[in-house]
Structures are given as structure tokens and as C-alpha cells.
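Engineer: Take a look at this one; I'll ask things after.
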Amino acid sequence: MAHYHAPAPDILAALLNDIGIPTTAGRTAAIRQHVLEMAAPVVAEARSYHRVTTAKLASEA
């Protein structure tokens, strides 16, 4: 049986953008929701974002 490997996020985003589906707004909304639900440093570590970025998003929420 063949194994399925999902495409990397950047490749998937490029494919979606190519067919006219913007991904930036959705990604931004998701990260903002995460920092509302848990500590910004935890989100930064879990999602590979810079701590300053998640702290800024948390302060804007």
C-alpha cells in the first residue's frame, strides 16, 4: 500500500494562490485566534512563529 504524504504548507499555499484562493488572511486569522486561546510564547513555539510576532498579535487582540 502506498503512503500518502501531504504537501508542505508553503507548496500548498502556492497551489491555492495559483487558483485564486488567498491564504494569508486565513493564516493571520488562525494565528490571532491561537493567541486569544493560549499564551503567545506557547503559540510561537508550537507554530514556529517568532515570539515578538505572537506577542504583538496578542497585544492587538
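The chains in the C-alpha cells are called A, B, ... from first to last as shown; in each chain the residues are counted from 1, and the ligands are counted from 1 in the order shown.
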Give me the residues within 12 Å of segment 30-46 of chain A as a count of residues only, counting only C-alpha atoms and dropping any in the same chain fewer than 6 places off.
Structural biologist: 12
Engineer: With only C-alpha atoms as the counted atoms, please give the residues lying no more than 12 Å from segment 12-14 of chain A, apart from itself and same-chain residues fewer than 4 positions off, as JSON, numbers by chain.
Structural biologist: {"A": [6, 7, 8, 18, 19, 20, 21, 22, 23, 24, 25, 26, 27]}
Engineer: From the DSSP assignment of the backbone, select every residue of chain A that is helix (DSSP H, G or I), and format the answer as a count of residues only.
Structural biologist: 42
